[in-house]
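The structure under discussion appears below in the form of structure tokens.
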Amino acid sequence: MTRIRRGYIARRRRTKMRLFALSFRGAHSRLTRTITQQKIRALFSADRDRGSQKRNFRRLWITRINAVIREKAVSYSYSRLIHDLYKGRLLLNRKILAQIAILNRDCLYMISNEIIKEVGYKKSVGII
């Protein structure tokens with residue numbers, strides 16, 4: 001009986017998994033069973049932590065904006081700024097506002113002052 005040569009499909013699949021696990025330590029990058037377990041675990045963690053990363057960055061941006069805004073005016077806060085931005089139809093997301101707050105505080109102060117004037121003007125005239 002002649003010898004049957006195995007195909008390359010299983011080997012190709014394992015090689016692909018090994019390439020995924022190259023940076024893992026110890027048996028997690030050498031043994032096929034352990035590689036598959038760690039791959040499942042890594043992908044699950046990545047999927048789970050993607051949402052928490054977004055939440056954490058949003059919290060960081062809000063904290064930065066609030067800190068810079070409260071430096072200038074004691075009675076003014078982050079929530080009032082965002083409310084006034086929406087009222088004034090100025091759509092800047094929190095990421096951009098946080099970058100402005102860190103890199104150019106005067107620009108953020110100018111934006112907030114303009115928004116306060118515009119919203120205050122509309123309130124006193126009775127447009128809103």
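Just so we're on the same page: first chain in the structure tokens is A, next is B, and so on; residues restart at 1 for each chain, and ligands are numbered from 1 in the order they show up.
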
Self-check item: Residue neighbourhood A:Ala21, 9 Å, only C-alpha atoms, exclusion window fewer than 5 positions, as a ChimeraX atom specification
Solution: /A:16,28-30,35-36,38-39

Suppose we keep all heavy atoms; can you now write the selection as an mmCIF file, in the first residue's frame?
data_model
loop_
_atom_site.group_PDB
_atom_site.id
_atom_site.type_symbol
_atom_site.label_atom_id
_atom_site.label_comp_id
_atom_site.auth_asym_id
_atom_site.auth_seq_id
_atom_site.Cartn_x
_atom_site.Cartn_y
_atom_site.Cartn_z
ATOM 1 N N LYS A 16 -0.865 30.114 10.238
ATOM 2 C CA LYS A 16 -1.556 31.390 10.377
ATOM 3 C C LYS A 16 -1.775 31.733 11.849
ATOM 4 O O LYS A 16 -1.595 32.868 12.278
ATOM 5 C CB LYS A 16 -2.911 31.316 9.660
ATOM 6 C CG LYS A 16 -3.236 32.547 8.835
ATOM 7 C CD LYS A 16 -4.619 32.432 8.233
ATOM 8 C CE LYS A 16 -4.590 31.625 6.958
ATOM 9 N NZ LYS A 16 -5.898 31.602 6.279
ATOM 10 N N HIS A 28 2.532 29.822 24.943
ATOM 11 C CA HIS A 28 1.427 30.508 24.275
ATOM 12 C C HIS A 28 1.766 30.842 22.821
ATOM 13 O O HIS A 28 0.879 31.162 22.036
ATOM 14 C CB HIS A 28 1.068 31.795 25.018
ATOM 15 C CG HIS A 28 0.586 31.554 26.414
ATOM 16 N ND1 HIS A 28 -0.730 31.441 26.736
ATOM 17 C CD2 HIS A 28 1.264 31.365 27.570
ATOM 18 C CE1 HIS A 28 -0.856 31.210 28.033
ATOM 19 N NE2 HIS A 28 0.344 31.161 28.559
ATOM 20 N N SER A 29 3.046 30.786 22.482
ATOM 21 C CA SER A 29 3.416 31.047 21.088
ATOM 22 C C SER A 29 4.005 29.808 20.414
ATOM 23 O O SER A 29 4.374 29.868 19.243
ATOM 24 C CB SER A 29 4.439 32.181 21.022
ATOM 25 O OG SER A 29 5.655 31.767 21.608
ATOM 26 N N ARG A 30 4.078 28.674 21.142
ATOM 27 C CA ARG A 30 4.718 27.484 20.571
ATOM 28 C C ARG A 30 3.789 26.290 20.401
ATOM 29 O O ARG A 30 3.889 25.569 19.410
ATOM 30 C CB ARG A 30 5.896 27.076 21.462
ATOM 31 C CG ARG A 30 7.035 28.055 21.398
ATOM 32 C CD ARG A 30 8.274 27.522 22.101
ATOM 33 N NE ARG A 30 9.301 28.563 22.172
ATOM 34 C CZ ARG A 30 9.398 29.412 23.188
ATOM 35 N NH1 ARG A 30 8.564 29.342 24.201
ATOM 36 N NH2 ARG A 30 10.335 30.336 23.192
ATOM 37 N N ILE A 35 -1.983 27.972 21.719
ATOM 38 C CA ILE A 35 -2.102 29.123 20.810
ATOM 39 C C ILE A 35 -3.574 29.386 20.498
ATOM 40 O O ILE A 35 -4.035 30.538 20.540
ATOM 41 C CB ILE A 35 -1.303 28.891 19.509
ATOM 42 C CG1 ILE A 35 0.190 28.995 19.778
ATOM 43 C CG2 ILE A 35 -1.698 29.894 18.443
ATOM 44 C CD1 ILE A 35 1.045 28.615 18.596
ATOM 45 N N THR A 36 -4.341 28.313 20.208
ATOM 46 C CA THR A 36 -5.754 28.513 19.871
ATOM 47 C C THR A 36 -6.515 29.089 21.059
ATOM 48 O O THR A 36 -7.337 29.996 20.893
ATOM 49 C CB THR A 36 -6.425 27.201 19.431
ATOM 50 O OG1 THR A 36 -6.204 26.217 20.441
ATOM 51 C CG2 THR A 36 -5.886 26.727 18.113
ATOM 52 N N GLN A 38 -5.281 30.925 23.540
ATOM 53 C CA GLN A 38 -4.858 32.307 23.759
ATOM 54 C C GLN A 38 -5.383 33.245 22.674
ATOM 55 O O GLN A 38 -5.673 34.403 22.943
ATOM 56 C CB GLN A 38 -3.330 32.392 23.826
ATOM 57 C CG GLN A 38 -2.760 31.824 25.095
ATOM 58 C CD GLN A 38 -3.384 32.455 26.326
ATOM 59 O OE1 GLN A 38 -3.397 33.662 26.471
ATOM 60 N NE2 GLN A 38 -3.902 31.630 27.214
ATOM 61 N N LYS A 39 -5.515 32.709 21.460
ATOM 62 C CA LYS A 39 -6.060 33.527 20.376
ATOM 63 C C LYS A 39 -7.511 33.883 20.668
ATOM 64 O O LYS A 39 -7.922 35.046 20.536
ATOM 65 C CB LYS A 39 -5.959 32.773 19.047
ATOM 66 C CG LYS A 39 -6.495 33.550 17.872
ATOM 67 C CD LYS A 39 -6.383 32.771 16.592
ATOM 68 C CE LYS A 39 -6.997 33.558 15.456
ATOM 69 N NZ LYS A 39 -6.968 32.830 14.202
#

Practice problem: Excluding A:Ile62 and any residue of its chain fewer than 6 positions from it, enumerate the residues within 8 Å of it, using only C-alpha atoms, and give them as a VMD selection string. | Solution: chain A and resid 78 94 98

Selection from above, all heavy atoms, as a short mmCIF file (atom, residue, chain, number, x, y, z; two decimals), in the first residue's frame, can you write it?
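selection.cif, written as the output of this step:
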data_model
loop_
_atom_site.label_atom_id
_atom_site.label_comp_id
_atom_site.auth_asym_id
_atom_site.auth_seq_id
_atom_site.Cartn_x
_atom_site.Cartn_y
_atom_site.Cartn_z
N TYR A 78 -18.40 72.52 32.43
CA TYR A 78 -18.41 71.73 31.20
C TYR A 78 -19.83 71.56 30.68
O TYR A 78 -20.09 71.74 29.49
CB TYR A 78 -17.77 70.37 31.47
CG TYR A 78 -18.09 69.34 30.44
CD1 TYR A 78 -17.41 69.32 29.23
CD2 TYR A 78 -19.10 68.40 30.63
CE1 TYR A 78 -17.71 68.39 28.26
CE2 TYR A 78 -19.40 67.48 29.68
CZ TYR A 78 -18.71 67.47 28.49
OH TYR A 78 -19.02 66.56 27.53
N ARG A 94 -16.10 66.37 21.54
CA ARG A 94 -15.33 66.49 22.78
C ARG A 94 -13.83 66.29 22.54
O ARG A 94 -13.01 66.89 23.21
CB ARG A 94 -15.86 65.50 23.80
CG ARG A 94 -17.19 65.93 24.36
CD ARG A 94 -17.99 64.76 24.89
NE ARG A 94 -19.30 65.19 25.36
CZ ARG A 94 -20.34 65.36 24.57
NH1 ARG A 94 -20.24 65.15 23.27
NH2 ARG A 94 -21.49 65.76 25.06
N ALA A 98 -11.14 69.04 23.61
CA ALA A 98 -10.07 68.70 24.56
C ALA A 98 -8.70 69.06 23.97
O ALA A 98 -7.82 69.56 24.68
CB ALA A 98 -10.11 67.22 24.90
#

Quiz item: Using only C-alpha atoms, which of the listed residues (A:Ala101, A:Ser23, A:Leu43, A:Thr15) sits closest to A:Asn66?
Solution: A:Ala101

Quiz prompt | Nearest-residue call for A:Leu60, choices A:Thr34, A:Asn113, A:Gln99, A:Thr2, using only C-alpha atoms | solution =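 Going through A:Thr34, A:Asn113, A:Gln99, A:Thr2 one by one, the smallest distance to A:Leu60 is for A:Gln99.
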
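Considering only C-alpha atoms, the residue among A:Leu85, A:Met17, A:Val68, A:Ala27 positioned nearest to A:Lys117 is A:Leu85.
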
Exercise. Grab the atom CA of A:Ile96 to atom CA of A:Leu108 distance for me, in Å with one decimal place.
Key: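 Answer for the atom CA of A:Ile96 to atom CA of A:Leu108 separation: 10.4 Å.
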
Quiz prompt | Of the listed residues A:His83, A:Lys72, A:Lys95, A:Arg18, that which approaches A:Met110 most closely, counting only C-alpha atoms | solution =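 Answer, going by the shortest atom-to-atom distance: A:Lys72.
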
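Of the residues under consideration (A:Arg33, A:Arg105, A:Arg13, A:Arg3), A:Arg105 shows the shortest atom-to-atom contact distance to A:Glu71 when counting only C-alpha atoms.
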
Quiz item: Nearest to A:Trp61: which of A:Leu90, A:Leu103, A:Leu97, A:Ala46 is it, counting only C-alpha atoms?
Solution: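 Checking each of A:Leu90, A:Leu103, A:Leu97, A:Ala46 against A:Trp61, counting only C-alpha atoms, the winner is A:Leu97.
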
Exercise. Just give me the gap between atom CA of A:Ala42 and atom CA of A:Lys54 in Å, one decimal is fine.
Key: 18.3 Å

Exercise. Apply DSSP to the backbone of this structure and, from chain A, keep only the residues in alpha helix (DSSP H); write these as a PyMOL selection string.
Key: chain A and resi 9-20+32-72+78-87+94-103+105-125
